[in-house]
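To be precise, the following lines are data-v6.cif, and they hold mmCIF, C-alpha atoms.
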```
data_start
loop_
_atom_site.label_atom_id
_atom_site.label_comp_id
_atom_site.auth_asym_id
_atom_site.auth_seq_id
_atom_site.Cartn_x
_atom_site.Cartn_y
_atom_site.Cartn_z
CA MET A 15 3.43 9.50 34.82
CA ASP A 16 3.36 12.24 37.41
CA GLU A 17 2.38 15.79 36.59
CA GLY A 18 4.70 18.71 36.48
CA ARG A 19 7.85 16.87 35.49
CA PRO A 20 8.89 16.40 31.88
CA ILE A 21 7.66 13.01 30.71
CA PHE A 22 10.81 12.25 28.75
CA LEU A 23 12.81 12.51 31.99
CA GLN A 24 10.43 10.08 33.64
CA ILE A 25 10.81 7.64 30.75
CA ALA A 26 14.60 7.88 31.00
CA GLU A 27 14.43 7.35 34.76
CA GLN A 28 12.27 4.28 34.40
CA ILE A 29 14.69 2.70 31.97
CA GLU A 30 17.52 3.58 34.34
CA ASN A 31 15.64 1.98 37.23
CA ASP A 32 15.14 -1.19 35.22
CA ILE A 33 18.85 -1.29 34.42
CA ILE A 34 19.83 -0.72 38.05
CA SER A 35 17.41 -3.39 39.33
CA GLY A 36 18.77 -5.83 36.77
CA GLN A 37 15.47 -6.15 34.94
CA LEU A 38 17.21 -4.89 31.83
CA PRO A 39 20.62 -6.59 31.90
CA GLU A 40 23.49 -5.16 29.89
CA GLU A 41 23.52 -6.05 26.20
CA THR A 42 19.78 -6.76 26.16
CA GLN A 43 17.40 -4.95 23.87
CA VAL A 44 15.10 -2.30 25.31
CA PRO A 45 11.55 -1.78 23.99
CA SER A 46 11.16 0.47 20.95
CA THR A 47 10.10 4.09 21.17
CA ASN A 48 6.67 3.19 19.79
CA GLU A 49 6.27 0.43 22.35
CA PHE A 50 7.08 2.87 25.16
CA ALA A 51 4.63 5.37 23.67
CA ALA A 52 1.81 2.84 23.40
CA PHE A 53 2.42 1.41 26.87
CA HIS A 54 2.54 4.76 28.66
CA ARG A 55 0.03 6.39 26.30
CA ILE A 56 2.35 9.24 25.46
CA ASN A 57 3.48 10.94 22.30
CA PRO A 58 6.13 8.84 20.48
CA ALA A 59 8.35 11.92 20.08
CA THR A 60 8.37 12.31 23.87
CA ALA A 61 9.30 8.67 24.39
CA GLY A 62 12.03 9.07 21.78
CA LYS A 63 13.40 12.08 23.62
CA GLY A 64 13.73 10.02 26.81
CA VAL A 65 15.49 7.18 25.01
CA ASN A 66 17.81 9.61 23.22
CA LEU A 67 18.81 11.14 26.53
CA LEU A 68 20.18 7.74 27.56
CA VAL A 69 21.85 7.22 24.18
CA GLU A 70 23.66 10.54 24.62
CA ALA A 71 24.70 9.52 28.12
CA GLY A 72 26.10 6.26 26.74
CA VAL A 73 23.66 4.15 28.76
CA LEU A 74 21.97 2.81 25.64
CA TYR A 75 23.39 2.31 22.19
CA LYS A 76 21.81 1.86 18.80
CA ARG A 77 22.28 -1.19 16.61
CA ARG A 78 21.39 -0.13 13.14
CA GLY A 79 18.19 -1.73 11.91
CA ILE A 80 17.68 -3.73 15.10
CA GLY A 81 17.04 -1.34 17.97
CA MET A 82 18.36 -0.04 21.27
CA PHE A 83 20.52 -2.03 23.66
CA VAL A 84 21.85 -1.52 27.18
CA ALA A 85 25.55 -0.60 27.04
CA GLU A 86 28.22 -2.54 28.83
CA GLY A 87 29.10 -0.98 32.19
CA ALA A 88 25.85 1.05 32.18
CA ARG A 89 24.63 -0.35 35.50
CA ALA A 90 27.78 0.51 37.46
CA ARG A 91 27.82 4.02 36.00
CA LEU A 92 24.16 4.64 36.80
CA ILE A 93 24.65 3.50 40.38
CA ASP A 94 27.63 5.85 40.69
CA ASP A 95 25.53 8.76 39.41
CA ARG A 96 22.66 7.99 41.73
CA ARG A 97 25.01 7.81 44.71
CA THR A 98 26.36 11.28 44.05
CA ARG A 99 22.82 12.66 43.86
CA PHE A 100 21.60 10.72 46.90
CA ALA A 101 22.52 13.33 49.50
CA ASP A 102 20.76 16.13 47.62
CA GLN A 103 17.67 14.15 46.78
CA TYR A 104 17.09 12.29 50.03
CA VAL A 105 19.27 13.51 52.90
CA THR A 106 18.68 17.25 52.49
CA PRO A 107 14.85 17.01 52.51
CA LEU A 108 15.06 14.51 55.39
CA LEU A 109 17.06 16.98 57.47
CA ALA A 110 14.70 19.81 56.58
CA GLU A 111 11.63 17.86 57.67
CA ALA A 112 13.42 16.70 60.83
CA ALA A 113 14.35 20.29 61.70
CA LYS A 114 10.70 21.30 61.23
CA LEU A 115 9.69 18.69 63.80
CA GLY A 116 12.51 19.51 66.20
CA ILE A 117 14.39 16.28 65.59
CA THR A 118 18.13 16.87 65.93
CA PRO A 119 20.60 15.31 63.48
CA GLU A 120 21.84 13.12 66.36
CA GLN A 121 18.34 11.82 67.08
CA LEU A 122 17.87 11.25 63.37
CA SER A 123 21.07 9.29 63.20
CA THR A 124 19.91 7.10 66.11
CA MET A 125 16.58 6.51 64.36
CA ILE A 126 18.35 5.42 61.20
CA THR A 127 20.62 3.02 63.08
CA GLU A 128 17.65 1.52 64.95
CA ARG A 129 15.65 1.06 61.76
CA SER A 130 18.43 -0.51 59.81
CA THR A 131 19.31 -3.05 62.51
CA SER A 132 15.74 -4.02 63.47
CA MET B 29 10.84 20.91 10.23
CA THR B 30 8.18 21.98 7.77
CA ALA B 31 4.98 23.69 8.73
CA VAL B 32 1.95 22.20 6.98
CA VAL B 33 -0.23 25.01 8.30
CA ARG B 34 0.84 28.62 8.50
CA THR B 35 -1.38 31.62 9.22
CA ARG B 36 -0.44 35.27 9.40
CA GLY B 37 -2.70 37.88 10.97
CA LEU B 38 -5.71 35.65 10.42
CA SER B 39 -9.05 37.11 11.56
CA ARG B 40 -12.69 36.26 11.12
CA HIS B 41 -15.44 38.70 12.03
CA TYR B 42 -19.18 38.03 12.15
CA GLY B 43 -20.68 41.50 12.31
CA ASP B 44 -19.43 42.96 15.59
CA VAL B 45 -18.12 39.65 16.83
CA THR B 46 -14.48 38.73 16.26
CA ALA B 47 -14.32 34.93 16.40
CA VAL B 48 -10.68 34.66 15.35
CA ASP B 49 -8.46 37.62 16.10
CA ASP B 50 -5.08 38.21 14.44
CA VAL B 51 -3.88 34.61 14.66
CA SER B 52 -0.38 33.76 13.46
CA ILE B 53 0.46 30.11 14.09
CA GLU B 54 2.20 27.18 12.50
CA PHE B 55 1.49 23.48 12.76
CA GLU B 56 4.62 21.45 12.09
CA GLN B 57 4.40 18.34 9.98
CA ASN B 58 3.82 14.92 11.57
CA ARG B 59 3.13 16.14 15.06
CA ILE B 60 0.10 15.85 17.31
CA HIS B 61 -1.09 19.35 18.14
CA GLY B 62 -3.60 20.27 20.82
CA LEU B 63 -5.97 23.17 20.13
CA LEU B 64 -7.37 24.05 23.53
CA GLY B 65 -9.74 26.67 24.83
CA ARG B 66 -13.14 27.29 26.31
CA ASN B 67 -16.44 26.99 24.50
CA GLY B 68 -16.79 29.84 22.04
CA ALA B 69 -13.07 30.64 22.18
CA GLY B 70 -12.79 30.28 18.39
CA LYS B 71 -11.45 26.73 18.03
CA THR B 72 -14.04 25.52 15.52
CA THR B 73 -13.96 28.76 13.52
CA LEU B 74 -10.18 28.53 13.29
CA MET B 75 -10.34 24.93 12.06
CA SER B 76 -13.09 25.83 9.59
CA LEU B 77 -10.84 28.59 8.21
CA LEU B 78 -7.89 26.21 7.92
CA THR B 79 -9.99 23.69 6.01
CA GLY B 80 -11.46 26.20 3.59
CA GLN B 81 -14.98 25.96 5.03
CA GLU B 82 -14.99 29.58 6.16
CA PHE B 83 -13.61 32.70 4.54
CA ALA B 84 -11.05 34.85 6.30
CA SER B 85 -11.92 38.48 7.00
CA ALA B 86 -8.23 39.37 7.09
CA GLY B 87 -4.84 37.70 6.98
CA THR B 88 -3.41 34.73 5.12
CA ILE B 89 -3.64 30.94 5.40
CA GLU B 90 -1.28 28.44 3.86
CA VAL B 91 -2.02 24.73 4.06
CA PHE B 92 0.66 22.62 2.40
CA GLY B 93 1.94 25.91 1.03
CA GLN B 94 -1.30 26.99 -0.65
CA SER B 95 -4.59 28.63 0.19
CA PRO B 96 -7.09 25.89 1.14
CA VAL B 97 -10.13 27.78 -0.22
CA GLU B 98 -11.71 25.92 -3.16
CA ASN B 99 -8.43 24.08 -3.58
CA ALA B 100 -9.16 20.41 -4.32
CA ASP B 101 -5.49 19.56 -4.41
CA VAL B 102 -4.93 20.73 -0.84
CA LEU B 103 -8.26 19.52 0.52
CA SER B 104 -7.66 15.94 -0.65
CA HIS B 105 -4.90 15.89 1.97
CA VAL B 106 -7.10 17.30 4.70
CA SER B 107 -9.75 15.72 6.88
CA PHE B 108 -11.91 17.70 9.31
CA ILE B 109 -13.96 15.69 11.78
CA ARG B 110 -16.59 18.06 13.04
CA GLU B 111 -18.30 17.82 16.36
CA SER B 112 -21.71 18.12 14.74
CA GLN B 113 -21.21 16.70 11.28
CA ARG B 114 -24.35 16.64 9.11
CA TYR B 115 -25.08 13.67 6.89
CA PRO B 116 -27.62 13.20 4.10
CA GLU B 117 -31.08 12.44 5.51
CA ASP B 118 -31.32 8.71 4.70
CA PHE B 119 -27.70 7.74 5.18
CA GLN B 120 -26.86 4.64 7.14
CA VAL B 121 -23.48 4.17 8.82
CA ARG B 122 -22.26 1.97 5.97
CA HIS B 123 -23.09 4.69 3.43
CA VAL B 124 -20.84 7.11 5.27
CA LEU B 125 -18.06 4.52 5.40
CA ALA B 126 -18.49 3.82 1.68
CA THR B 127 -18.49 7.51 0.72
CA ALA B 128 -15.58 8.67 2.86
CA PRO B 129 -12.84 6.87 0.85
CA ARG B 130 -13.77 8.92 -2.25
CA PHE B 131 -12.60 12.05 -0.47
CA LEU B 132 -9.76 10.45 1.46
CA PRO B 133 -7.21 8.86 -0.89
CA HIS B 134 -5.21 7.34 1.99
CA TRP B 135 -8.23 5.42 3.33
CA ASP B 136 -7.44 2.01 4.86
CA GLN B 137 -10.49 -0.25 4.60
CA GLU B 138 -9.11 -2.99 6.85
CA PHE B 139 -8.39 -0.47 9.57
CA ALA B 140 -11.90 0.98 9.18
CA ASP B 141 -13.47 -2.49 9.47
CA ARG B 142 -11.48 -3.22 12.58
CA LEU B 143 -12.51 0.09 14.17
CA VAL B 144 -16.19 -0.52 13.35
CA GLU B 145 -15.95 -3.80 15.21
CA GLU B 146 -14.05 -2.34 18.16
CA PHE B 147 -16.46 0.56 18.56
CA ARG B 148 -19.38 -1.87 18.04
CA LEU B 149 -20.95 0.38 15.47
CA PRO B 150 -24.19 -0.90 13.86
CA VAL B 151 -23.38 -0.28 10.20
CA LYS B 152 -26.94 -0.74 8.93
CA ARG B 153 -28.48 1.74 11.33
CA ARG B 154 -29.52 5.13 10.00
CA ILE B 155 -27.28 7.95 11.14
CA LYS B 156 -30.31 9.77 12.54
CA LYS B 157 -31.02 6.85 14.87
CA LEU B 158 -27.53 6.69 16.35
CA SER B 159 -26.79 7.67 19.92
CA ARG B 160 -24.51 10.66 20.47
CA GLY B 161 -21.63 8.32 21.29
CA GLN B 162 -22.17 6.20 18.18
CA LEU B 163 -22.29 9.33 16.06
CA SER B 164 -18.96 10.40 17.52
CA ALA B 165 -17.57 6.93 16.78
CA VAL B 166 -18.47 7.39 13.08
CA GLY B 167 -16.38 10.56 13.02
CA VAL B 168 -13.50 8.96 14.88
CA ILE B 169 -13.42 6.04 12.43
CA VAL B 170 -13.53 8.30 9.36
CA GLY B 171 -10.79 10.47 10.89
CA LEU B 172 -8.51 7.58 11.78
CA ALA B 173 -9.01 5.26 8.80
CA GLY B 174 -8.84 8.21 6.39
CA ARG B 175 -5.18 8.75 7.34
CA ALA B 176 -5.27 12.24 5.83
CA PRO B 177 -1.84 13.89 6.06
CA LEU B 178 -3.57 16.69 7.99
CA THR B 179 -6.44 15.58 10.23
CA PHE B 180 -8.49 17.84 12.49
CA PHE B 181 -10.57 16.32 15.28
CA ASP B 182 -13.01 18.81 16.80
CA GLU B 183 -14.18 17.45 20.17
CA PRO B 184 -14.27 13.95 18.69
CA TYR B 185 -15.37 12.15 21.82
CA LEU B 186 -18.76 13.72 22.69
CA GLY B 187 -20.95 11.01 24.19
CA LEU B 188 -18.19 8.42 24.01
CA ASP B 189 -17.77 6.49 27.24
CA ALA B 190 -14.42 6.15 28.99
CA VAL B 191 -13.69 2.80 27.30
CA ALA B 192 -14.38 4.14 23.82
CA ARG B 193 -12.32 7.27 24.47
CA GLN B 194 -9.39 5.16 25.59
CA LEU B 195 -9.82 3.06 22.48
CA PHE B 196 -9.66 6.22 20.39
CA TYR B 197 -6.47 7.44 22.09
CA ASP B 198 -4.82 4.01 21.78
CA ARG B 199 -5.64 3.56 18.11
CA LEU B 200 -4.66 7.15 17.37
CA LEU B 201 -1.22 6.67 18.96
CA GLU B 202 -0.70 3.27 17.39
CA ASP B 203 -1.64 4.33 13.90
CA TYR B 204 0.20 7.65 14.20
CA SER B 205 3.37 5.76 15.16
CA GLU B 206 3.10 3.59 12.05
CA HIS B 207 1.81 6.28 9.72
CA PRO B 208 3.09 9.64 10.97
CA ARG B 209 0.86 12.53 9.99
CA THR B 210 -0.22 15.89 11.29
CA ILE B 211 -3.06 15.73 13.80
CA VAL B 212 -4.86 18.66 15.38
CA LEU B 213 -6.93 17.67 18.38
CA SER B 214 -9.39 20.17 19.77
CA THR B 215 -10.72 19.15 23.14
CA HIS B 216 -12.03 20.03 26.59
CA LEU B 217 -10.70 16.86 28.19
CA ILE B 218 -7.21 18.23 28.49
CA ASP B 219 -6.03 15.90 31.24
CA GLU B 220 -6.91 12.87 29.12
CA VAL B 221 -4.95 13.96 26.07
CA ALA B 222 -2.15 15.99 27.66
CA ASN B 223 0.43 13.22 27.28
CA LEU B 224 -0.47 12.60 23.64
CA LEU B 225 0.32 16.13 22.56
CA GLU B 226 3.63 17.39 21.29
CA HIS B 227 2.55 20.98 20.72
CA VAL B 228 -0.12 23.02 22.45
CA VAL B 229 -2.04 26.04 21.21
CA VAL B 230 -4.47 27.74 23.57
CA ILE B 231 -7.02 30.10 22.11
CA ASP B 232 -9.04 32.48 24.23
CA ASP B 233 -11.54 34.98 22.95
CA GLY B 234 -10.23 34.46 19.40
CA ARG B 235 -6.60 35.17 20.33
CA ILE B 236 -3.72 32.76 20.71
CA ILE B 237 -2.46 32.97 24.29
CA VAL B 238 -0.20 29.90 24.31
CA ASP B 239 1.79 28.43 21.42
CA GLU B 240 4.37 26.14 22.96
CA ASP B 241 5.90 22.66 23.04
CA ALA B 242 3.94 20.44 25.43
CA GLU B 243 7.13 19.49 27.28
CA THR B 244 8.00 23.14 27.83
CA LEU B 245 4.55 23.84 29.25
CA ARG B 246 4.72 20.88 31.55
CA GLY B 247 6.35 22.08 34.72
CA SER B 248 6.24 25.69 33.51
CA ALA B 249 4.01 26.61 36.44
CA THR B 250 3.95 25.67 40.10
CA THR B 251 1.41 26.22 42.83
CA VAL B 252 2.85 27.50 46.10
CA VAL B 253 0.77 26.75 49.18
CA GLY B 254 1.29 27.96 52.74
CA PRO B 255 0.56 30.72 55.25
CA ARG B 256 -0.51 33.84 53.40
CA THR B 257 2.34 36.03 54.61
CA ALA B 258 4.99 33.43 53.75
CA VAL B 259 3.48 32.80 50.33
CA ASP B 260 3.26 36.53 49.57
CA ALA B 261 6.85 37.06 50.68
CA PHE B 262 8.02 34.22 48.43
CA VAL B 263 5.92 35.20 45.42
CA GLY B 264 7.11 38.83 45.62
CA THR B 265 7.02 40.39 42.18
CA ARG B 266 6.72 37.13 40.25
CA GLU B 267 4.08 36.76 37.59
CA VAL B 268 0.99 35.30 39.25
CA LEU B 269 -1.21 33.04 37.10
CA GLY B 270 -3.80 32.34 39.74
CA ARG B 271 -4.54 32.95 43.38
CA GLU B 272 -6.86 31.28 45.85
CA GLY B 273 -7.08 31.47 49.58
CA ILE B 274 -8.95 30.36 52.63
CA GLY B 275 -8.44 31.94 56.02
CA GLY B 276 -4.74 32.47 56.59
CA LEU B 277 -3.79 30.05 53.82
CA ALA B 278 -2.92 31.08 50.30
CA SER B 279 -2.41 29.06 47.15
CA VAL B 280 -0.70 30.96 44.37
CA THR B 281 0.27 29.67 40.93
CA VAL B 282 3.44 31.20 39.53
CA ALA B 283 5.53 30.69 36.41
CA GLY B 284 8.38 28.18 36.51
CA LEU B 285 10.76 27.89 39.45
CA ASP B 286 14.34 26.70 39.24
CA ALA B 287 15.98 24.28 41.66
CA ASP B 288 17.31 27.02 43.95
CA GLU B 289 13.95 28.71 44.19
CA ARG B 290 12.35 25.38 45.02
CA ARG B 291 14.82 24.90 47.83
CA ASP B 292 14.10 28.41 49.13
CA ALA B 293 10.38 27.69 49.09
CA ALA B 294 10.84 24.41 50.94
CA ALA B 295 13.08 26.16 53.49
CA ALA B 296 10.33 28.74 54.04
CA GLY B 297 7.97 25.87 54.86
CA LEU B 298 5.91 26.22 51.69
CA GLU B 299 4.40 23.32 49.80
CA LEU B 300 4.99 23.16 46.06
CA ALA B 301 2.52 21.39 43.80
CA PRO B 302 2.86 20.77 40.07
CA VAL B 303 0.28 22.28 37.76
CA SER B 304 -1.25 20.04 35.12
CA LEU B 305 -1.82 21.25 31.58
CA GLN B 306 -5.54 21.44 32.30
CA GLN B 307 -5.03 23.52 35.43
CA LEU B 308 -2.65 25.76 33.53
CA VAL B 309 -5.18 26.35 30.76
CA VAL B 310 -7.85 27.04 33.37
CA ARG B 311 -5.61 29.60 35.07
CA LEU B 312 -4.67 31.24 31.79
CA THR B 313 -8.18 31.46 30.43
CA GLY B 314 -9.37 32.93 33.71
CA THR B 315 -12.04 30.60 34.94
CA SER B 316 -12.31 28.32 37.91
CA GLU B 317 -11.71 24.65 37.28
CA LYS B 318 -15.23 23.71 38.23
CA GLU B 319 -16.77 25.94 35.64
CA PHE B 320 -14.36 24.62 33.06
CA GLU B 321 -15.32 21.01 33.62
CA LYS B 322 -18.97 21.88 33.48
CA SER B 323 -18.61 23.39 30.06
CA ALA B 324 -17.13 20.14 28.70
#
```
Do you think you could lay out the structure here as structure tokens?
Amino acid sequence: MDEGRPIFLQIAEQIENDIISGQLPEETQVPSTNEFAAFHRINPATAGKGVNLLVEAGVLYKRRGIGMFVAEGARARLIDDRRTRFADQYVTPLLAEAAKLGITPEQLSTMITERSTS
Amino acid sequence: MTAVVRTRGLSRHYGDVTAVDDVSIEFEQNRIHGLLGRNGAGKTTLMSLLTGQEFASAGTIEVFGQSPVENADVLSHVSFIRESQRYPEDFQVRHVLATAPRFLPHWDQEFADRLVEEFRLPVKRRIKKLSRGQLSAVGVIVGLAGRAPLTFFDEPYLGLDAVARQLFYDRLLEDYSEHPRTIVLSTHLIDEVANLLEHVVVIDDGRIIVDEDAETLRGSATTVVGPRTAVDAFVGTREVLGREGIGGLASVTVAGLDADERRDAAAAGLELAPVSLQQLVVRLTGTSEKEFEKSA
């Protein structure tokens, strides 16, 4: 867990990452709130808040008396969301750092092309 | 949500000294609360008042809706693990473990036995002969296995090594998950327990200076680092929680920043660093971090 960011957001992100990577396939059960709490050594209420965030977003759903499961179509939706945030989260800071070092967007573009083909 | 503890205008004076000063707080049921502050800030006095072991000079205390003073009904639901608990002269560890259940109706013997084994506590040794860490382990075991609906731990880990402290945190979380109850944890080792807490109260010089959800506090402050002029320009009239500097560099801790402000700071070439709960408490109680760790 890193400092300074709400832990429940980090928990939610980790579950999202596991869904995107395929580690948690759709319709499989996710660990319980208490299991998350024990594993990450955090307050169970905090873990529950992270899980609930995903329930509200329709990524997870509750089966009464059994537990939480990954919803159908969750992976595609999460990838969509992440793509829309990609520019803000990665491209903007990349451009800012490049500008600081005097790297032009054109040079940056060349660097990216070189990297991705090598 | 129900508050199991509620104080209004609570004060405790010893002659000229005010140990607890006009404290009005609530501890909600079935949460883990952190009671944080420096040595002598009033943590132990406050907990003694809440458990009926001290008398208030002014103000009111309700524990489970009643005054805790001389109130057997309330106190049977309360457990207070003191940092320097006294035991009868000839008591061995097993005597403590045999006596505790009489005062703690929710006692779980199996759990206690398991903890004794895990903490490797010599049950036939006299309390007086125990090391500081073993003595702390006795308190931890009584506090955990007692499962009192309201349990106070006052610096429960003194002398415990890192392994034993981790064991305490793990068993606390595990057992709390299965048997929710109200826990108040008073500690110096804020970084170690920060993630366990749901609610944080910081006491300084007898007064409550923070009374907030742990998640709200987390990320409520940011340290801005960069050239002094740029930092000063960015900080402007914001509330400053702490300031350090070396040469032309400044490091200033300010209250929460939103996404736009973060972007502005980054555009101005400033570094932003998160502030941990421990750092925040250090800033708020006005002492350098080094001093704070030394007092632990």
Checklist entry - For chain A, which residue out of B:His41, B:Arg153, B:Arg59, B:Arg266 is the nearest one, using all atoms listed in the file? => result B:Arg59
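Residues lying at most 9 Å from (-17.3, 29.5, 25.3) in file coordinates, with only C-alpha atoms considered, are Gly65, Arg66, Asn67, Gly68, Ala69, Gly70, Asp232, Asp233 and Ser323 of chain B.
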Next on the checklist: Counting all atoms listed in the file, which residues have an atom no more than 12 Å from (-32.1, 8.9, 14.3) in the file's coordinates? Please list them as a ChimeraX atom specification.
Outcome noted: /B:115-121,153-160,162-163
Checklist entry - So how many Å separate CA of Glu267 (chain B) and CA of Gly284 (chain B), to one decimal? => result 9.7 Å
Checklist entry - Mind telling me what the PyMOL selection byres ((chain B) within 7 of (chain A)) catches here, as a ChimeraX atom specification? => result /B:198,201-202,205,223-226,243,246-247,302-304
Checklist entry - Looking at all atoms listed in the file, which of B:Thr35, B:Thr179, B:Asn58, B:Gln137 is the one that sits closest to His105 (chain B)? => result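 Nearest candidate to His105 (chain B) out of B:Thr35, B:Thr179, B:Asn58, B:Gln137: B:Thr179.
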Next on the checklist: Please enumerate the residues selected by the PyMOL selection byres ((chain B and resi 296) around 10) when evaluated against the supplied file, formatted as a ChimeraX atom specification.
Outcome noted: /B:254,258-259,261-262,290-295,297-299
Same residues, C-alpha atoms, saved as an mmCIF file, in the coordinates of the input:
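So the final result, stored in part_35.cif, reads:
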```
data_model
loop_
_atom_site.group_PDB
_atom_site.id
_atom_site.type_symbol
_atom_site.label_atom_id
_atom_site.label_comp_id
_atom_site.auth_asym_id
_atom_site.auth_seq_id
_atom_site.Cartn_x
_atom_site.Cartn_y
_atom_site.Cartn_z
ATOM 1 C CA GLY B 254 1.290 27.960 52.740
ATOM 2 C CA ALA B 258 4.990 33.430 53.750
ATOM 3 C CA VAL B 259 3.480 32.800 50.330
ATOM 4 C CA ALA B 261 6.850 37.060 50.680
ATOM 5 C CA PHE B 262 8.020 34.220 48.430
ATOM 6 C CA ARG B 290 12.350 25.380 45.020
ATOM 7 C CA ARG B 291 14.820 24.900 47.830
ATOM 8 C CA ASP B 292 14.100 28.410 49.130
ATOM 9 C CA ALA B 293 10.380 27.690 49.090
ATOM 10 C CA ALA B 294 10.840 24.410 50.940
ATOM 11 C CA ALA B 295 13.080 26.160 53.490
ATOM 12 C CA GLY B 297 7.970 25.870 54.860
ATOM 13 C CA LEU B 298 5.910 26.220 51.690
ATOM 14 C CA GLU B 299 4.400 23.320 49.800
#
```
Item to check | Residues returned when the PyMOL selection byres ((chain A and resi 109) around 12) runs on this file, as a list in words | outcome: Ala101, Asp102, Gln103, Tyr104, Val105, Thr106, Pro107, Leu108, Ala110, Glu111, Ala112, Ala113, Lys114, Leu115, Gly116, Ile117, Thr118, Pro119, Glu120, Gln121, Leu122 and Ser123 of chain A; Ala294 and Ala295 of chain B
Checklist entry - With all atoms listed in the file as the atoms that count, which of A:Asp95, A:Val44, A:Gln24, A:Ala85 lies nearest to Glu70 (chain A)? => result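 Of the candidates, the smallest distance to Glu70 (chain A) is held by A:Ala85.
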Item to check | Computed interatomic separation between CA of Val228 (chain B) and CA of Gly273 (chain B) (Å) | outcome: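 CA of Gly273 (chain B) lies 29.3 Å from CA of Val228 (chain B).
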Checklist entry - What does the distance from CA of Ile89 (chain B) to CA of Arg36 (chain B) come to in Å, to one decimal? => result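 Spanning CA of Ile89 (chain B) to CA of Arg36 (chain B) is a straight-line distance of 6.7 Å.
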Item to check | Residue with smallest distance to Asn66 (chain A) - pool A:Asp32, A:Pro39, A:Met82, A:Arg99, counting only C-alpha atoms | outcome: A:Met82
Checklist entry - Hey, which of A:Ser46, A:Ser35, A:Gln28, A:Ser130 ends up closest to Ile93 (chain A)? Count all atoms listed in the file. => result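 Closest to Ile93 (chain A), using all atoms listed in the file: A:Ser35.
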